[in-house]
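Just coords27.cif here, mmCIF, C-alpha atoms:
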data_protein
#
loop_
_atom_site.label_atom_id
_atom_site.label_comp_id
_atom_site.auth_asym_id
_atom_site.auth_seq_id
_atom_site.Cartn_x
_atom_site.Cartn_y
_atom_site.Cartn_z
CA MET K 1 -7.68 -18.87 -5.35
CA THR K 2 -4.33 -20.59 -5.44
CA VAL K 3 -1.08 -19.16 -4.18
CA LEU K 4 2.36 -19.97 -5.57
CA VAL K 5 5.14 -19.63 -3.00
CA LEU K 6 8.76 -19.77 -4.07
CA ALA K 7 10.66 -21.89 -1.55
CA ASP K 8 13.70 -20.18 -0.06
CA HIS K 9 16.57 -22.60 0.42
CA ASP K 10 20.31 -22.64 0.96
CA LEU K 11 22.95 -25.37 1.17
CA GLY K 12 20.44 -28.12 0.48
CA THR K 13 18.01 -27.25 3.25
CA LEU K 14 14.75 -25.34 3.30
CA SER K 15 15.25 -21.95 4.94
CA PRO K 16 13.11 -21.24 8.03
CA ALA K 17 11.63 -18.24 6.20
CA THR K 18 9.60 -20.53 3.91
CA ALA K 19 7.43 -21.95 6.73
CA ARG K 20 6.67 -18.40 7.81
CA VAL K 21 5.75 -17.26 4.29
CA VAL K 22 3.46 -20.29 3.88
CA ALA K 23 1.76 -19.45 7.19
CA ALA K 24 1.36 -15.82 6.10
CA VAL K 25 -0.43 -16.62 2.84
CA SER K 26 -2.37 -19.77 3.77
CA SER K 27 -5.45 -17.62 4.49
CA LEU K 28 -5.48 -16.57 0.81
CA GLY K 29 -6.08 -20.05 -0.62
CA ASP K 30 -4.42 -23.34 -1.46
CA VAL K 31 -0.65 -23.07 -1.44
CA ASP K 32 1.64 -24.60 -4.04
CA LEU K 33 5.31 -24.46 -3.21
CA LEU K 34 7.86 -24.06 -6.01
CA VAL K 35 11.31 -25.51 -5.38
CA LEU K 36 13.92 -24.58 -7.98
CA GLY K 37 17.45 -25.89 -7.53
CA GLU K 38 19.71 -28.86 -8.12
CA GLY K 39 19.84 -31.87 -5.80
CA VAL K 40 16.84 -30.64 -3.83
CA ASP K 41 15.53 -33.98 -2.46
CA GLN K 42 16.01 -33.02 1.18
CA ILE K 43 14.46 -29.59 0.60
CA VAL K 44 11.43 -31.18 -1.04
CA ALA K 45 11.07 -33.71 1.81
CA GLU K 46 11.16 -30.89 4.38
CA ALA K 47 8.72 -28.82 2.35
CA ALA K 48 6.26 -31.71 1.93
CA ARG K 49 5.87 -31.90 5.71
CA LEU K 50 4.70 -28.29 5.97
CA SER K 51 1.06 -28.03 6.88
CA GLY K 52 -1.16 -26.19 4.40
CA VAL K 53 0.88 -26.98 1.27
CA ALA K 54 -1.16 -28.74 -1.43
CA ARG K 55 1.48 -29.43 -4.06
CA ILE K 56 5.22 -29.06 -4.42
CA LEU K 57 6.44 -28.21 -7.90
CA VAL K 58 10.06 -29.22 -8.35
CA GLY K 59 12.30 -27.88 -11.10
CA GLN K 60 15.87 -29.14 -11.17
CA ASP K 61 18.71 -27.66 -13.18
CA GLN K 62 22.31 -26.70 -12.54
CA GLY K 63 21.35 -23.18 -13.68
CA PHE K 64 19.09 -22.71 -10.64
CA VAL K 65 21.93 -23.18 -8.13
CA THR K 66 22.83 -19.48 -7.94
CA GLN K 67 19.12 -18.62 -7.45
CA SER K 68 19.56 -15.69 -9.83
CA ALA K 69 16.44 -13.81 -10.92
CA GLU K 70 17.46 -14.35 -14.51
CA ALA K 71 17.26 -18.14 -14.07
CA LEU K 72 14.17 -18.33 -11.85
CA VAL K 73 11.83 -15.72 -13.34
CA PRO K 74 11.10 -17.44 -16.70
CA VAL K 75 9.90 -20.57 -14.85
CA ILE K 76 7.72 -18.59 -12.44
CA ALA K 77 6.33 -16.44 -15.26
CA ARG K 78 5.25 -19.57 -17.17
CA LEU K 79 3.35 -20.84 -14.13
CA ALA K 80 1.84 -17.46 -13.26
CA SER K 81 -1.48 -17.78 -15.11
CA ASP K 82 -2.61 -20.58 -12.75
CA TYR K 83 -2.23 -18.46 -9.63
CA SER K 84 -3.90 -15.52 -7.94
CA HIS K 85 -0.81 -14.67 -5.88
CA ILE K 86 2.87 -15.24 -6.56
CA VAL K 87 4.83 -14.94 -3.36
CA ALA K 88 8.45 -14.97 -2.21
CA SER K 89 10.20 -14.21 1.05
CA ALA K 90 11.60 -10.65 1.18
CA GLY K 91 15.15 -12.00 1.41
CA ALA K 92 17.96 -11.53 -1.11
CA VAL K 93 16.39 -13.87 -3.68
CA GLY K 94 12.86 -12.47 -3.42
CA ARG K 95 14.07 -8.87 -3.56
CA ASP K 96 16.07 -9.76 -6.63
CA LEU K 97 13.38 -11.52 -8.62
CA ALA K 98 10.16 -9.66 -7.70
CA PRO K 99 10.93 -6.57 -9.85
CA ARG K 100 11.97 -8.69 -12.83
CA LEU K 101 8.91 -10.92 -12.57
CA ALA K 102 6.67 -7.87 -12.11
CA ALA K 103 8.03 -6.22 -15.24
CA LYS K 104 7.59 -9.44 -17.23
CA LEU K 105 3.96 -9.82 -16.14
CA ASP K 106 3.24 -6.06 -16.11
CA ILE K 107 2.05 -6.16 -12.51
CA GLN K 108 2.87 -3.72 -9.72
CA PRO K 109 4.51 -5.84 -7.00
CA ILE K 110 3.83 -5.25 -3.30
CA THR K 111 6.94 -5.81 -1.26
CA ASP K 112 8.00 -6.46 2.32
CA ILE K 113 4.47 -7.24 3.56
CA ILE K 114 4.04 -7.49 7.35
CA ALA K 115 0.27 -8.15 7.53
CA ILE K 116 -2.35 -9.56 5.16
CA HIS K 117 -5.93 -8.26 5.51
CA GLY K 118 -7.41 -9.93 2.45
CA PRO K 119 -6.63 -11.06 -1.09
CA GLY K 120 -5.74 -7.52 -2.17
CA ARG K 121 -5.08 -5.63 1.08
CA PHE K 122 -1.72 -5.60 2.78
CA ASP K 123 0.37 -3.70 5.34
CA ARG K 124 3.93 -2.76 4.56
CA PRO K 125 6.41 -0.54 6.41
CA ILE K 126 7.65 2.68 4.83
CA TYR K 127 10.10 5.39 5.90
CA ALA K 128 12.44 2.81 7.45
CA GLY K 129 9.65 1.35 9.57
CA ASN K 130 8.55 4.70 10.99
CA ALA K 131 5.12 4.30 9.39
CA ILE K 132 2.93 1.44 8.26
CA GLN K 133 1.08 1.75 4.97
CA THR K 134 -2.09 -0.18 4.17
CA VAL K 135 -2.33 -0.69 0.42
CA ALA K 136 -5.05 -2.13 -1.81
CA SER K 137 -4.59 -3.73 -5.19
CA ALA K 138 -7.27 -4.84 -7.63
CA GLN K 139 -4.82 -6.27 -10.16
CA PRO K 140 -5.70 -9.62 -11.78
CA ARG K 141 -2.93 -11.26 -9.78
CA GLN K 142 -0.59 -10.10 -7.07
CA ILE K 143 3.17 -10.38 -6.83
CA LEU K 144 4.15 -10.20 -3.17
CA THR K 145 7.26 -10.42 -1.04
CA ILE K 146 6.69 -11.23 2.62
CA ARG K 147 8.80 -10.14 5.58
CA ALA K 148 9.11 -13.63 7.07
CA SER K 149 10.04 -12.45 10.56
CA ALA K 150 6.64 -10.74 10.91
CA PHE K 151 4.81 -14.08 10.80
CA SER K 152 4.93 -17.26 12.92
CA PRO K 153 6.11 -20.40 11.13
CA MET K 154 3.65 -22.97 9.78
CA GLY K 155 3.84 -26.27 11.66
CA ASP K 156 4.42 -29.75 10.27
CA GLY K 157 1.67 -32.23 9.53
CA GLY K 158 1.22 -31.74 5.80
CA ASN K 159 1.42 -34.33 3.11
CA ALA K 160 1.89 -32.44 -0.13
CA MET K 161 1.85 -34.01 -3.56
CA ILE K 162 5.22 -33.76 -5.29
CA MET K 163 5.20 -32.85 -8.98
CA PRO K 164 8.34 -32.68 -11.10
CA LEU K 165 8.32 -29.69 -13.43
CA PRO K 166 9.63 -30.04 -16.98
CA THR K 167 12.22 -27.31 -17.49
CA ASP K 168 14.39 -26.35 -20.42
CA PRO K 169 18.12 -26.11 -19.75
CA VAL K 170 18.69 -22.78 -18.02
CA ARG K 171 20.89 -20.25 -19.78
CA THR K 172 21.79 -16.97 -18.13
CA VAL K 173 23.69 -13.99 -19.44
CA ALA K 174 25.03 -13.05 -15.99
CA LYS K 175 27.43 -15.63 -14.57
CA MET K 176 28.40 -16.10 -10.96
CA ILE K 177 32.18 -15.91 -10.69
CA ALA K 178 32.65 -16.39 -6.96
CA ALA K 179 30.71 -16.68 -3.72
CA HIS K 180 32.12 -15.71 -0.35
CA ARG K 181 30.21 -17.38 2.45
CA THR K 182 30.57 -15.86 5.90
CA GLN K 183 31.56 -18.65 8.26
CA ALA K 184 29.40 -18.61 11.34
CA ASP K 185 27.85 -21.24 13.54
CA THR K 186 25.41 -18.77 15.08
CA PRO K 187 21.64 -19.09 14.47
CA ASP K 188 20.23 -17.48 11.33
CA LEU K 189 19.73 -13.78 12.09
CA ALA K 190 16.44 -13.32 10.28
CA THR K 191 14.68 -16.06 12.25
CA ALA K 192 16.66 -16.32 15.54
CA ARG K 193 14.56 -16.15 18.74
CA ILE K 194 17.28 -14.19 20.54
CA VAL K 195 19.71 -11.79 18.89
CA VAL K 196 22.63 -9.95 20.48
CA GLY K 197 23.73 -6.84 18.61
CA GLY K 198 27.03 -5.00 18.89
CA GLY K 199 27.86 -1.43 17.96
CA VAL K 200 30.97 0.51 17.10
CA SER K 201 31.62 1.24 20.79
CA VAL K 202 33.15 -2.26 21.19
CA GLY K 203 36.20 -0.46 19.77
CA SER K 204 37.73 -3.26 17.72
CA ALA K 205 37.14 -6.62 16.07
CA GLU K 206 38.60 -8.08 19.30
CA GLY K 207 36.02 -6.16 21.30
CA PHE K 208 33.28 -7.51 19.08
CA LYS K 209 34.36 -11.04 20.06
CA LEU K 210 32.97 -10.22 23.50
CA VAL K 211 29.55 -9.70 21.91
CA GLU K 212 29.91 -13.01 20.05
CA GLN K 213 30.91 -14.82 23.27
CA PHE K 214 27.89 -13.45 25.06
CA ALA K 215 25.64 -14.49 22.15
CA ALA K 216 27.06 -18.02 22.27
CA VAL K 217 26.24 -18.26 25.99
CA ILE K 218 22.55 -17.63 25.43
CA GLY K 219 22.35 -19.32 22.02
CA ALA K 220 21.63 -16.08 20.21
CA GLY K 221 22.22 -14.86 16.67
CA VAL K 222 24.73 -12.03 16.29
CA GLY K 223 23.86 -8.70 14.73
CA ALA K 224 25.84 -5.52 14.20
CA THR K 225 25.22 -1.88 13.39
CA ARG K 226 26.23 -0.44 10.06
CA ALA K 227 29.01 1.53 11.79
CA ALA K 228 30.42 -1.66 13.32
CA VAL K 229 30.29 -3.38 9.93
CA ASP K 230 31.87 -0.41 8.14
CA ALA K 231 34.64 -0.38 10.76
CA GLY K 232 35.34 -4.01 9.91
CA TYR K 233 34.38 -5.38 13.34
CA ALA K 234 31.71 -7.69 11.97
CA PRO K 235 30.93 -9.22 8.57
CA ASN K 236 28.52 -7.47 6.20
CA ASP K 237 25.76 -10.01 6.47
CA TRP K 238 25.47 -9.43 10.23
CA GLN K 239 24.32 -5.89 9.64
CA VAL K 240 20.92 -5.18 11.13
CA GLY K 241 19.01 -2.11 9.98
CA GLN K 242 17.46 -0.39 7.05
CA THR K 243 20.24 -1.37 4.66
CA GLY K 244 20.90 -4.70 6.38
CA LYS K 245 18.66 -7.38 7.79
CA ILE K 246 15.29 -6.73 9.40
CA ILE K 247 14.87 -8.90 12.47
CA ALA K 248 11.97 -9.69 14.78
CA PRO K 249 13.32 -11.91 17.57
CA ASP K 250 11.56 -12.56 20.88
CA LEU K 251 14.49 -10.83 22.56
CA TYR K 252 17.04 -8.35 21.23
CA ILE K 253 19.98 -7.41 23.43
CA ALA K 254 21.78 -4.29 22.21
CA VAL K 255 25.31 -4.02 23.54
CA GLY K 256 26.85 -0.56 23.32
CA ILE K 257 24.50 0.54 20.55
CA SER K 258 23.36 4.16 20.65
CA GLY K 259 20.55 3.48 18.19
CA ALA K 260 20.82 5.36 14.91
CA LEU K 261 17.48 5.52 13.07
CA GLN K 262 18.84 3.21 10.39
CA HIS K 263 19.56 0.53 13.02
CA LEU K 264 16.25 1.02 14.85
CA ALA K 265 14.47 0.34 11.55
CA GLY K 266 15.85 -3.19 11.67
CA ILE K 267 14.86 -4.09 15.23
CA GLN K 268 11.41 -2.58 15.72
CA GLY K 269 9.81 -5.98 15.34
CA ALA K 270 11.62 -7.35 18.42
CA LYS K 271 9.16 -8.35 21.15
CA LYS K 272 11.51 -7.34 23.98
CA ILE K 273 14.58 -5.13 23.82
CA ILE K 274 17.34 -5.00 26.41
CA ALA K 275 19.95 -2.25 26.15
CA ILE K 276 23.35 -2.29 27.82
CA ASN K 277 24.92 1.13 27.38
CA SER K 278 26.98 3.65 29.32
CA ASP K 279 24.92 6.55 27.92
CA PRO K 280 21.47 6.90 29.56
CA GLU K 281 20.45 9.36 26.82
CA ALA K 282 21.06 7.01 23.87
CA PRO K 283 17.95 6.56 21.64
CA LEU K 284 18.08 2.80 21.99
CA VAL K 285 18.15 3.11 25.78
CA LYS K 286 14.94 5.18 25.56
CA LEU K 287 13.33 2.57 23.32
CA ALA K 288 14.36 -0.52 25.32
CA ASP K 289 12.12 -2.45 27.72
CA ILE K 290 14.96 -3.21 30.14
CA VAL K 291 18.08 -1.07 30.51
CA LEU K 292 21.41 -1.53 32.25
CA ILE K 293 23.57 1.58 32.38
CA ALA K 294 27.09 0.19 32.47
CA ASP K 295 30.36 -0.05 30.62
CA LEU K 296 30.06 -3.03 28.29
CA PHE K 297 33.63 -4.23 28.88
CA GLU K 298 32.81 -4.67 32.58
CA ALA K 299 29.17 -5.66 32.27
CA ILE K 300 29.41 -8.40 29.62
CA PRO K 301 32.10 -10.58 31.30
CA SER K 302 30.31 -10.42 34.65
CA LEU K 303 26.96 -11.02 32.95
CA ILE K 304 28.39 -14.18 31.37
CA GLU K 305 29.49 -15.29 34.87
CA GLU K 306 26.15 -14.44 36.47
CA LEU K 307 24.29 -16.35 33.75
CA ALA K 308 26.55 -19.38 34.25
CA GLN K 309 25.59 -19.34 37.94
CA ARG K 310 21.98 -19.52 36.81
CA GLY K 311 22.75 -22.54 34.65
CA ILE K 312 22.92 -20.68 31.33
CA LYS K 313 26.13 -21.47 29.52
CA PRO K 314 27.10 -22.43 25.96
CA MET R 1 9.16 3.77 -18.98
CA ILE R 2 12.87 3.15 -18.40
CA ALA R 3 12.82 0.23 -20.80
CA ILE R 4 11.41 2.43 -23.56
CA THR R 5 13.77 5.38 -23.03
CA SER R 6 16.74 3.00 -22.79
CA ASP R 7 15.69 1.64 -26.15
CA LYS R 8 15.70 5.10 -27.68
CA CYS R 9 18.99 6.25 -26.14
CA SER R 10 20.92 2.93 -26.03
CA PRO R 11 23.00 3.75 -22.95
CA VAL R 12 26.09 1.75 -22.03
CA TYR R 13 24.68 1.19 -18.59
CA SER R 14 22.02 2.77 -16.42
CA ILE R 15 22.58 3.23 -12.75
CA GLY R 16 19.70 3.40 -10.34
CA ARG R 17 19.76 3.18 -6.60
CA ARG R 18 18.41 0.49 -4.37
CA GLN R 19 18.97 0.51 -0.67
CA ARG R 20 19.14 -3.16 -0.02
CA SER R 21 21.45 -4.66 -2.56
CA PRO R 22 24.99 -3.45 -2.03
CA LEU R 23 27.09 -3.72 -5.10
CA ASN R 24 30.58 -2.80 -6.22
CA SER R 25 31.46 -2.68 -9.83
CA ALA R 26 34.46 -2.77 -12.11
CA LEU R 27 34.25 -2.35 -15.87
CA ARG R 28 36.32 -4.95 -17.63
CA MET R 29 36.43 -4.65 -21.40
CA ALA R 30 32.84 -4.93 -22.59
CA ARG R 31 31.85 -6.92 -19.51
CA LEU R 32 30.73 -5.73 -16.12
CA SER R 33 31.91 -7.48 -12.99
CA VAL R 34 30.01 -6.68 -9.81
CA SER R 35 30.15 -7.76 -6.20
CA ARG R 36 26.88 -7.85 -4.32
CA GLU R 37 25.64 -8.77 -0.89
CA VAL R 38 23.32 -11.73 -0.48
CA ASP R 39 21.88 -13.36 2.65
CA PHE R 40 24.87 -15.64 3.21
CA GLY R 41 27.72 -13.25 2.34
CA ARG R 42 28.90 -11.88 -0.99
CA VAL R 43 28.87 -13.00 -4.60
CA THR R 44 30.73 -11.79 -7.66
CA ILE R 45 28.74 -11.75 -10.90
CA ALA R 46 29.95 -10.97 -14.43
CA MET R 47 27.73 -9.97 -17.34
CA PRO R 48 28.04 -8.47 -20.80
CA LEU R 49 27.02 -4.85 -21.42
CA PRO R 50 24.57 -3.22 -21.63
CA ALA R 51 23.38 -4.07 -18.13
CA VAL R 52 21.09 -2.50 -15.55
CA VAL R 53 22.60 -2.32 -12.07
CA THR R 54 21.59 -0.72 -8.80
CA ALA R 55 24.17 0.62 -6.37
CA ASP R 56 24.38 0.63 -2.59
CA LEU R 57 25.14 3.94 -0.91
CA ARG R 58 28.42 2.43 0.37
CA LEU R 59 29.64 1.87 -3.19
CA ASN R 60 31.57 5.10 -3.42
CA THR R 61 32.08 8.49 -1.84
CA PRO R 62 29.95 11.09 -3.61
CA ARG R 63 31.76 13.43 -5.97
CA ASN R 64 30.51 16.97 -5.69
CA ALA R 65 30.10 18.76 -8.97
CA ALA R 66 32.29 21.82 -9.39
CA LEU R 67 30.48 25.15 -9.81
CA PRO R 68 31.53 25.68 -13.47
CA MET R 69 30.14 22.24 -14.29
CA VAL R 70 26.88 23.06 -12.52
CA MET R 71 26.59 26.29 -14.56
CA LYS R 72 27.32 24.39 -17.75
CA ALA R 73 24.76 21.73 -16.93
CA ARG R 74 22.12 24.40 -16.34
CA GLN R 75 22.51 25.62 -19.90
CA LYS R 76 21.79 22.21 -21.40
CA LYS R 77 18.43 21.90 -23.05
CA LEU R 78 16.12 19.45 -21.30
CA ASP R 79 14.02 17.21 -23.50
CA VAL R 80 10.77 16.91 -21.52
CA ARG R 81 8.14 14.55 -22.90
CA ARG R 82 4.86 13.21 -21.66
CA ALA R 83 4.75 9.52 -20.70
CA ASP R 84 1.69 8.91 -22.90
CA GLU R 85 3.74 9.90 -25.97
CA PHE R 86 5.52 6.60 -25.41
CA GLY R 87 2.27 4.68 -25.01
CA VAL R 88 2.94 4.07 -21.33
CA ASP R 89 0.12 4.16 -18.77
CA LEU R 90 1.55 5.45 -15.51
CA SER R 91 -1.68 5.44 -13.49
CA PRO R 92 -1.07 3.65 -10.18
CA ARG R 93 -2.29 0.06 -9.82
CA VAL R 94 -2.01 0.04 -6.08
CA THR R 95 -3.83 2.56 -3.88
CA ILE R 96 -2.69 3.68 -0.47
CA GLU R 97 -5.62 3.34 1.94
CA LYS R 98 -3.95 4.74 5.04
CA THR R 99 -0.60 5.42 6.64
CA THR R 100 -0.32 4.91 10.39
CA PRO R 101 2.47 5.10 12.95
CA PRO R 102 3.81 1.72 14.08
CA PRO R 103 2.42 0.42 17.39
CA ALA R 104 4.04 2.26 20.30
CA ARG R 105 6.39 0.35 22.60
CA ALA R 106 5.72 0.19 26.32
CA THR R 107 8.00 2.37 28.45
CA GLY R 108 11.08 0.61 29.72
CA ARG R 109 12.71 0.34 33.11
CA THR R 110 16.30 0.41 34.32
CA VAL R 111 17.86 -2.41 36.36
CA ASP R 112 20.50 -1.54 38.98
CA ASN R 113 23.19 -4.12 38.41
CA VAL R 114 24.43 -7.01 36.30
CA GLY R 115 22.90 -9.58 38.67
CA ALA R 116 19.41 -8.14 38.21
CA LEU R 117 19.88 -8.12 34.43
CA ALA R 118 21.05 -11.76 34.55
CA ASP R 119 17.78 -12.61 36.37
CA GLU R 120 15.76 -10.88 33.65
CA ILE R 121 17.68 -12.59 30.85
CA ALA R 122 17.43 -15.99 32.57
CA ALA R 123 13.63 -15.59 32.85
CA LEU R 124 13.26 -14.53 29.21
CA HIS R 125 15.70 -17.22 28.10
CA SER R 126 13.66 -20.05 29.60
CA GLY R 127 10.55 -18.38 28.13
CA THR R 128 11.90 -18.35 24.58
CA GLU R 129 13.18 -21.91 24.90
CA ALA R 130 9.78 -23.16 25.98
CA HIS R 131 8.31 -22.29 22.55
#

Let me see the structure of the file written as structure tokens.
Amino acid sequence: MTVLVLADHDLGTLSPATARVVAAVSSLGDVDLLVLGEGVDQIVAEAARLSGVARILVGQDQGFVTQSAEALVPVIARLASDYSHIVASAGAVGRDLAPRLAAKLDIQPITDIIAIHGPGRFDRPIYAGNAIQTVASAQPRQILTIRASAFSPMGDGGNAMIMPLPTDPVRTVAKMIAAHRTQADTPDLATARIVVGGGVSVGSAEGFKLVEQFAAVIGAGVGATRAAVDAGYAPNDWQVGQTGKIIAPDLYIAVGISGALQHLAGIQGAKKIIAINSDPEAPLVKLADIVLIADLFEAIPSLIEELAQRGIKP
Amino acid sequence: MIAITSDKCSPVYSIGRRQRSPLNSALRMARLSVSREVDFGRVTIAMPLPAVVTADLRLNTPRNAALPMVMKARQKKLDVRRADEFGVDLSPRVTIEKTTPPPARATGRTVDNVGALADEIAALHSGTEAH
């Protein structure tokens, strides 16, 4: 069996999710990695180092730059007959293209997989992570999206063969008019080892800066609840939860977050959870491994000081 | 199924709902311009109609139907057909073997002050860095 993995990339570099997806599916068979983009030399070089990758198929065209499903799916569909599994990360691109590819190939896709038991048996969360479903598929081939944060990354040490893919010029009906990139120098939320999350109780965008400062001290990614995002305290793509990003860091520190179900759905994969909250009855306080009952406006500045005394500073 | 019914009814646009792909839309002439969330921020995409879009629950505030409209809607005749009339096989391809609760988390503990929390974070911090 051979597995085709679509490489996730952004701004000319391979996204950390790809190494995790490769690790997740390497038990299923040989892995071919498909890189579709324009000016992807660095991405291909990074991908070729991944252990467990047999071949890297490279398709280059200006039309691939937006990573739209409309542009990518025809290429993947043409390659499909050679593969037992066609796999993407369950990020924005994978979520976009899996349904389209599935319809084209008339295959029921299995999405957001968190464990692989065999070639046709997978675990996936349902009901916002409140239950885990084990599903079985006997279809001739599988279309899968993988929740990258549920798997450890594949290490380096590979030496994949690089194969250019002949592609026709890409034409799409939908055109990208504008892209608004959130400026942030914090680690990528989906794969950060430590994440600090802020809720609406920071009171203002200014208050949220305190959360960001604290995150910078410990080198953490920054997350936010939907309420904090809706209030305009934090950008949309920082939202963690059922309708935002699903994270699984080693450590999640929730600052002033009560813990609505929709937020908890996004953080259940965290290995350790610390909650700083003034309300001892908050759901997230009950869920956390370590709790400090305190007012965040007092606790965070003194915590930053205390950490500096222990040699932890930005 | 949707593809076939769309063919028969030729709608201007169909709106479904997907939780994860927030999208705002504005109809401009015969083109649709939408804003959607992606991993790095937001993008604006334009396309000709007809188009299939999904909407995030933040797209708009729901409009409740007025009672007279509800009564009127109830009187409309529903055209109910069987899927196999359209030559569509709806039998599931994926079977659910079991549904289980997620692994339970260990019970937590409360620390007394900021200093104690700083100790905990410092210990975990060096642990995560060592990976």

*Can you find the residues with an atom no farther than 8 Å from (8.9, -23.7, -4.9), counting only C-alpha atoms, and report them as number ranges by chain?*
K: 4-8, 32-36, 56-58

*Within 8 Å of chain K: residues of chain R, using only C-alpha atoms, as a PyMOL selection string*: chain R and resi 19-21+37-48+93-102+105-115+117-119+122+124-125+128

*Using the chain letters and numbers from the file, give me the residues hit by the PyMOL selection byres ((chain K and resi 205) around 9), as number ranges by chain.*
K: 202-204, 206-209, 228, 231-234

*What is the distance, in Å and to one decimal place, between atom CA of K:Glu281 and atom CA of K:Gly198?*
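Straight-line distance from atom CA of K:Glu281 to atom CA of K:Gly198 works out to 17.7 Å.
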
*Could you check how far atom CA of K:Ile143 sits from atom CA of K:Gln239, in Å to one decimal?*
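For atom CA of K:Ile143 relative to atom CA of K:Gln239, the distance reads 27.2 Å.
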
*Just how far from atom CA of K:Ala69 is atom CA of K:Ala224, in Å to one decimal?*
28.1 Å

*Near-K:Val195 list (6 Å; all atoms listed in the file; drop same-chain fewer than 3 positions) as a count of residues only*: 4

_With 6 Å as the threshold, what does the neighbourhood of (0.2, -29.6, -7.1) contain in terms of residues, counting all atoms listed in the file? Coordinates are those of the file; answer as a list in words._
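The answer, in the requested form, is Ala54, Arg55, Ile56 and Met161 of chain K.
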
_Residue neighbourhood K:Ala148, 10 Å, only C-alpha atoms, exclusion window fewer than 4 positions, as a VMD selection string_ = chain K and resid 16 to 24 88 to 91 112 to 114 152 to 153 190 to 191 246 to 248

As lines of an AutoDock Vina configuration file: centre and edge lengths in Å, one decimal, of the axis-aligned box holding stretch 58-74 of chain R with 4 Å per side:
center_x = 27.2
center_y = 14.1
center_z = -8.7
size_x = 18.2
size_y = 32.4
size_z = 26.1

Stretch 53-76 of chain K from the block above, C-alpha atoms, as a compact mmCIF listing (two decimals), in the first residue's frame, please?
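The result, written out as out35.txt:
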# COMPACT_ATOMS: atom_id res chain seq x y z
CA VAL K 53 9.14 9.58 2.75
CA ALA K 54 9.90 7.57 -0.40
CA ARG K 55 9.22 10.11 -3.13
CA ILE K 56 8.36 13.78 -3.36
CA LEU K 57 6.09 14.74 -6.24
CA VAL K 58 6.47 18.40 -7.11
CA GLY K 59 3.94 20.36 -9.13
CA GLN K 60 4.70 24.02 -9.75
CA ASP K 61 2.26 26.61 -11.04
CA GLN K 62 1.26 30.14 -10.13
CA GLY K 63 -2.30 28.81 -9.76
CA PHE K 64 -1.30 26.68 -6.76
CA VAL K 65 -0.18 29.69 -4.68
CA THR K 66 -3.58 30.26 -3.06
CA GLN K 67 -3.80 26.52 -2.21
CA SER K 68 -7.46 26.57 -3.24
CA ALA K 69 -9.28 23.24 -3.45
CA GLU K 70 -10.30 24.11 -6.98
CA ALA K 71 -6.65 24.28 -8.07
CA LEU K 72 -5.28 21.34 -6.06
CA VAL K 73 -8.01 18.70 -6.37
CA PRO K 74 -7.68 17.95 -10.12
CA VAL K 75 -3.98 17.13 -9.65
CA ILE K 76 -4.62 14.91 -6.62
